[in-house]
Protein chains: 4
Amino acid sequence: MNSDLRIGVIGYGYWGPNIVRNFMRHSDCTVTMICDAGSEALDRARRMYPGVTLVKEPNEVLDSPDVDAVAVVTPVATHYELARRALENGKHVFVEKPFTANSDEAKRLVELAEAKGRLIMVDHTFLFTGAVRKIKQLIEQDSLGKLLYYDSTRVNLGLFQHDVNVVWDLAPHDLSILDHLVPGTPEALVATGTTHFSGYEDVAYITVYYPDSMIAHFNVNWLSPVKIRMTLVGGEKRMLVWNDLEPDEKIKLYDKGVDVQSRGDVYNLLISYRSGDMVAPRVEPVEALQLETRYFLDCIRENKKPRNGGEAGLRIVRMLEAAEESLKHRGKLVEL
Amino acid sequence: MNSDLRIGVIGYGYWGPNIVRNFMRHSDCTVTMICDAGSEALDRARRMYPGVTLVKEPNEVLDSPDVDAVAVVTPVATHYELARRALENGKHVFVEKPFTANSDEAKRLVELAEAKGRLIMVDHTFLFTGAVRKIKQLIEQDSLGKLLYYDSTRVNLGLFQHDVNVVWDLAPHDLSILDHLVPGTPEALVATGTTHFSGYEDVAYITVYYPDSMIAHFNVNWLSPVKIRMTLVGGEKRMLVWNDLEPDEKIKLYDKGVDVQSRGDVYNLLISYRSGDMVAPRVEPVEALQLETRYFLDCIRENKKPRNGGEAGLRIVRMLEAAEESLKHRGKLVEL
Amino acid sequence: MNSDLRIGVIGYGYWGPNIVRNFMRHSDCTVTMICDAGSEALDRARRMYPGVTLVKEPNEVLDSPDVDAVAVVTPVATHYELARRALENGKHVFVEKPFTANSDEAKRLVELAEAKGRLIMVDHTFLFTGAVRKIKQLIEQDSLGKLLYYDSTRVNLGLFQHDVNVVWDLAPHDLSILDHLVPGTPEALVATGTTHFSGYEDVAYITVYYPDSMIAHFNVNWLSPVKIRMTLVGGEKRMLVWNDLEPDEKIKLYDKGVDVQSRGDVYNLLISYRSGDMVAPRVEPVEALQLETRYFLDCIRENKKPRNGGEAGLRIVRMLEAAEESLKHRGKLVEL
Amino acid sequence: MNSDLRIGVIGYGYWGPNIVRNFMRHSDCTVTMICDAGSEALDRARRMYPGVTLVKEPNEVLDSPDVDAVAVVTPVATHYELARRALENGKHVFVEKPFTANSDEAKRLVELAEAKGRLIMVDHTFLFTGAVRKIKQLIEQDSLGKLLYYDSTRVNLGLFQHDVNVVWDLAPHDLSILDHLVPGTPEALVATGTTHFSGYEDVAYITVYYPDSMIAHFNVNWLSPVKIRMTLVGGEKRMLVWNDLEPDEKIKLYDKGVDVQSRGDVYNLLISYRSGDMVAPRVEPVEALQLETRYFLDCIRENKKPRNGGEAGLRIVRMLEAAEESLKHRGKLVEL
């Protein structure tokens with residue numbers, strides 16, 4: 001008797017093959033169906049996975065009795081409808097980021113999953129990288145102390161999307177990492193940016209305000225001649241730099257900081273600087289998607305709430321929506 | 001008979017010695033007086049320059065018949081009063097950045113200099129560095145094509161100022177460079193940021209809007225564990241990265257860009273990327289302040305309007321003021 | 001009718017799968033047989049290439065009428081015997097580097113290939129990378145002028161080989177690149193190094209002397225905490241740095257050099273330095289092995305002498321042999 | 001009564017001013033005389049130090065009753081004669097590196113200083129840098145374990161010397177650091193290199209053999225388009241990289257290494273790799289020459305043997321001599 005979880009994957013373009021390959025590597029699940037509207041994509045799938053059923057119509061996956069969970073790896077505009085029908089049919093859902101095209105859709109999916117007792121997980125892959133896991137651990141161990149700011153830059157040339165702006169394209173990565181790493185609830189957001197070529201913003205900046213002086217900032221840009229993936233996190237005790245393009249020393253933890261001694265009033269602060277060793281902790285070289293798909297299977301089997309479930313997806317979509325509104329009004333403050 | 005221009009320098013703390021040393025190196029001027037309220041500073045000056053008259057009272061410089069031009073190298077709060085009295089006394093003025101504490105003061109100094117027929121120059125030193133001169137040349141030669149964005153990061157640990165925030169401390173450099181390099185007039189500005197220790201903002205972000213989709217952004221931060229001095233400039237033809245911490249290859253010019261071909265309407269854009277060679281043009285290793293003090297002397301002798309005169313100083317102070325106002329209201333759009 | 005060239009691959013360990021995959025991508029050849037002594041390797045091959053005949057005995061490939069060319073992807077000790085029998089049976093041969101375990105074997109294979117009218121090519125993959133192709137082009141265009149020195153560093157932690165020292169493991173890459181790029185014939189060689197763990201040298205340095213003051217030097221090391229892949233090439237006109245770990249700017253060409261003006265005799269040289277722009281020419285992002293396998297097929301079809309044929313392999317093996325002898329006698333000069 | 005040590009400095013070209021400035025900063029010594037044959041140099045000295053006696057003839061310093069110690073900051077060919085006469089006249093001596101032009105001279109100076117009861121110290125400035133002091137401390141704490149190799153690269157464009165080759169110019173730095181850091185006595189040496197322009201070698205490589213498998217290697221080159229100052233030190237426990245051009249993280253200590261387990265015989269070694277965190281220990285930002293001149297004064301006052309005394313100078317000169325001999329005979333092994 002076979003108790004493998006049976007996965008149906010809808011969308012076999014750029015990211016779909018990674019989803020299939022990673023689910024395939026787990027011994028307690030099987031990808032039983034792959035769906036893509038394009039013949040070329042299905043041909044590629046056929047060569048790699050001769051045993052899998054290949055279809056062109058999503059309904060065939062959504063209605064299939066041979067599918068326990070559906071991975072939705074399609075453009076964001078289609079996420080809501082596909083995920084909704086999967087949940088209605090009693091299937092668990094793994095959906096690409098960004099979760100949905102707006103927060104209404106996200107909210108409804110969260111409620112539907114709850115009502116149907118099914119899992120919905122958003123593919124916030126970065127949470128499962130060795131680097132983010134290490135930073136999470138450092139924050140949880142209080143290595144950084146109270147957080148002061150989070151400053152991220154994700155820029156490169158190209159990969160213009162035809163249906164979304166640079167915020168919806170690049171910021172979901174960073175906002176989901178922020179949501180995962182930084183305790184507390186952001187209260188408002190300001191976004192600025194501009195449009196040059198496609199009618200969609202290709203350069204944008206987002207500031208996220210937290211209560212109590214913590215701030216986060218995101219620089220996303222499709223028009224940079226160089227690729228930068230760099231995040232600074234300042235804490236009261238220590239500060240770190242995460243350079244995701246470094247092959248070996250992705251995270252550098254600095255024993256640096258500011259010491260303030262008050263002498264009675266604000267006009268008599270003594271501010272001094274600490275500067276000690278730097279440590280680049282070893283980062284596990286794991287494939288994030290393998291850990292994440294494993295986590296998806298475990299959450300289903302153990303009926304656990306995932307940290308990157310629909311609620312997390314909803315929080316990110318709310319920030320994306322707010323950023324878009326702020327962008328349109330040149331930096332208008334939008335409450336979250 | 002001696003036709004040397006005679007300079008009086010007020011302020012001999014951190015930056016003043018550089019001003020004195022650089023004026024001293026020109027054969028057609030002499031520093032005749034140095035003023036500082038501190039005995040320790042005057043002792044240092046005495047050892048280095050035994051022949052110069054040393055005084056504790058600015059008035060002695062401002063009223064001296066042995067001074068043709070006054071360099072004001074004091075905290076910003078005092079700039080207006082010192083510069084005003086120097087001009088009233090018929091002296092030329094070289095004043096530290098930021099020009100003044102607000103735009104009203106700046107405007108009055110510009111008018112007074114005009115009325116008195118005297119030169120007032122603001123020490124925007126960076127304009128005279130090899131790097132900025134090379135970038136200016138590239139832009140004037142149209143190597144970059146129409147500019148798309150200007151994105152600057154200037155962060156490091158420390159050097160908290162006790163009287164101004166990080167915007168007034170660090171952004172004058174970048175705003176004066178922007179003002180110098182980018183054609184056109186910025187129309188509005190958004191600034192966000194936060195305060196942790198001193199009551200003054202120590203992390204801030206500024207977006208400057210230009211008409212016609214050009215945008216500029218500034219990241220200034222006193223709480224970064226690492227020092228970064230990096231500017232990206234995107235143009236339609238080429239893009240450049242200026243890393244001021246690189247000893248040799250400060251500027252990298254990328255033959256990269258976006259090509260857009262319309263096929264009838266906006267829904268049918270063909271967007272492609274160009275990616276060619278990178279060139280790091282040789283940057284002259286000059287001392288900026290030597291060129292700038294030379295330029296000050298030349299403008300006086302030849303009765304020229306300097307590019308970093310009071311008007312430029314006023315434009316920068318206006319942006320600083322606007323940034324401060326926007327900061328206070330969490331990213332409120334402020335027209336320029 | 002099918003005129004595909006039929007390839008048999010012997011050895012399906014670390015590198016063999018790359019060889020198979022690359023031959024498979026050419027439309028005018030087929031991999032008909034794969035041989036490996038290990039069941040696990042054959043299982044992997046079966047999953048990837050269900051249609052290929054899999055065998056455990058090399059003889060089955062060497063004697064097969066369904067094989068036109070044999071790729072020998074086995075440890076170096078076995079190269080000679082396998083290549084010899086392939087040639088005897090009238091097959092073309094593609095053999096891993098280093099070509100053979102000694103120069104006697106190499107010489108015999110070259111002669112045998114000649115006698116049999118068959119092609120023998122050594123897998124000097126690096127010659128087909130975008131970086132080496134670009135450097136070759138720069139040298140052929142005389143961009144560098146007369147070459148002065150070639151200085152290569154290839155160090156990292158690990159990958160100890162159980163049957164050869166670090167010279168036989170790492171230097172074949174660099175020596176084959178040297179052989180390809182630098183005109184002229186090296187005349188002698190000095191090698192130094194030491195052994196710590198395995199009985200085989202794990203740190204070694206090789207100096208290769210050319211007539212007329214050109215020199216080459218190689219630093220190979222299995223015990224470095226960091227990975228370095230850096231080559232400097234000095235020329236009279238220009239100099240270049242090739243950093244193979246850079247993702248984008250692998251080659252930097254410096255307009256730098258030395259100008260010497262004689263004033264009558266050697267005691268009155270005026271030596272000055274030129275320092276101009278740096279250019280990082282675009283390097284084609286190609287898969288070297290695809291170009292090389294294509295070249296192998298073309299040389300067979302067009303009956304061409306390849307530049308990385310047996311003669312080149314022999315030259316490299318001679319240098320490796322000389323280095324080993326020099327190493328044993330602590331830097332003894334060995335004529336080539 | 002004044003018990004200041006009185007210093008006479010011979011040579012006020014490129015390095016002399018640093019020597020004078022650093023001695024001047026100590027409160028218990030005075031530079032009383034400066035000697036240089038050039039009028040321009042003496043003019044510079046006069047402006048900086050109006051109170052110092054300036055002379056053109058070294059004898060005036062060497063014979064002066066107002067001089068307790070002589071700093072010899074002249075070309076190497078003159079070191080022996082000047083130091084000898086200073087010692088004969090009962091003065092302590094601080095002499096530039098390289099100590100002398102050959103080991104005979106060095107030996108005689110060591111003996112003479114001994115006989116006269118006077119201190120002779122060689123200016124191996126690098127030993128007093130924060131980086132070398134930190135590495136020394138790490139080695140003494142056994143952080144690295146048994147040393148396996150020391151590999152240094154010191155290359156850049158230019159600064160051709162008119163009287164010595166690149167080995168005598170650049171290697172004294174590295175050899176004195178090696179001598180300071182690495183326990184044990186080197187037993188032999190091999191040097192290779194070549195000459196292009198000046199008749200002196202401008203590219204050279206030195207291998208130094210120690211008993212028991214430790215090896216050191218030096219790459220010195222005046223013809224490199226880029227400046228590199230990088231040293232790798234491999235130890236059984238840990239390994240380090242010292243990049244002297246890094247402004248902040250000059251030393252990186254890697255918890256990396258090789259673990260070998262024998263299974264009975266050499267053919268059955270199990271070799272595995274350890275790879276843990278990297279630490280960049282804080283390096284004190286000191287001016288090395290200030291520490292060194294302080295140390296010179298202390299050694300005189302306390303009658304201490306300095307670690308960079310004549311004996312150390314002699315050991316370095318022996319290696320330079322050996323390298324020169326080996327160079328001439330293309331890598332001939334020279335015993336030390």
# chains A, B, ... in the order shown; residues from 1 in each chain; ligands from 1

call {"tool": "interface_residues", "arguments": {"of": "chain C", "to": "chain A", "cutoff": "10 Å", "atoms": "only C-alpha atoms", "output": "MDAnalysis selection string"}}
result
chainID C and resid 47:49 226:227 245 247:248

call {"tool": "residues_around", "arguments": {"residues": "Pro75 (chain C)", "least_positions_apart": "5", "cutoff": "9 Å", "atoms": "only C-alpha atoms", "output": "ChimeraX atom specification"}}
result
/C:11,96,163

call {"tool": "atom_distance", "arguments": {"atom1": "CA of Lys252 (chain B)", "atom2": "CA of Leu232 (chain B)"}}
result
9.7 Å

call {"tool": "residues_around", "arguments": {"residues": "Cys299 (chain C)", "least_positions_apart": "4", "cutoff": "12 Å", "atoms": "only C-alpha atoms", "output": "list in words"}}
result
His92, Val93, Phe94, Arg118, Leu119, Ile120, Met121, Glu292, Thr293, Arg294, Tyr295, Asn303, Lys304, Lys305, Pro306, Arg307, Asn308 and Gly309 of chain C

call {"tool": "atom_distance", "arguments": {"atom1": "CA of Gly310 (chain A)", "atom2": "CA of Val182 (chain A)"}}
result
18.4 Å

call {"tool": "residues_around", "arguments": {"residues": "Lys332 (chain D)", "least_positions_apart": "2", "cutoff": "8 Å", "atoms": "only C-alpha atoms", "output": "PDB file with C-alpha atoms, in the first residue's frame"}}
result
ATOM      1  CA  GLY C 331      64.028  23.049  -7.766  1.00  0.00           C
ATOM      2  CA  LYS C 332      66.540  21.396 -10.064  1.00  0.00           C
ATOM      3  CA  LEU C 333      66.469  23.044 -13.493  1.00  0.00           C
TER       4      LEU C 333
ATOM      5  CA  VAL D 190      65.355  28.475  -4.570  1.00  0.00           C
ATOM      6  CA  ALA D 191      64.729  31.652  -6.562  1.00  0.00           C
ATOM      7  CA  GLU D 325      72.722  33.579  -6.267  1.00  0.00           C
ATOM      8  CA  SER D 326      69.865  31.169  -6.979  1.00  0.00           C
ATOM      9  CA  LEU D 327      68.312  33.612  -9.431  1.00  0.00           C
ATOM     10  CA  HIS D 329      71.645  30.070 -11.769  1.00  0.00           C
ATOM     11  CA  ARG D 330      67.967  29.625 -12.620  1.00  0.00           C
ATOM     12  CA  VAL D 334      71.248  27.414  -2.133  1.00  0.00           C
TER      13      VAL D 334
END

call {"tool": "select_by_dssp", "arguments": {"residues": "region 90-325 of chain B", "states": "helix (DSSP H, G or I)", "output": "ChimeraX atom specification"}}
result
/B:103-116,125-128,130-140,166-181,266-268,288-302,310-325

call {"tool": "residues_around", "arguments": {"residues": "Lys134 (chain A)", "least_positions_apart": "5", "cutoff": "9 Å", "atoms": "only C-alpha atoms", "output": "ChimeraX atom specification"}}
result
/A:129,139,251,281-284

call {"tool": "residues_around", "arguments": {"residues": "region 52-63 of chain A", "least_positions_apart": "3", "cutoff": "6 Å", "atoms": "only C-alpha atoms", "output": "short mmCIF file (atom, residue, chain, number, x, y, z; two decimals) with C-alpha atoms, in the first residue's frame"}}
result
data_model
loop_
_atom_site.label_atom_id
_atom_site.label_comp_id
_atom_site.auth_asym_id
_atom_site.auth_seq_id
_atom_site.Cartn_x
_atom_site.Cartn_y
_atom_site.Cartn_z
CA THR A 32 1.51 12.55 -10.46
CA MET A 33 0.43 15.32 -12.83
CA ILE A 34 2.04 18.29 -14.56
CA CYS A 35 -0.05 20.88 -16.35
CA ASP A 36 1.09 23.55 -18.77
CA ALA A 37 -0.68 25.21 -21.65
CA TYR A 49 9.63 12.47 -16.21
CA ALA A 86 -8.05 23.36 -5.43
#
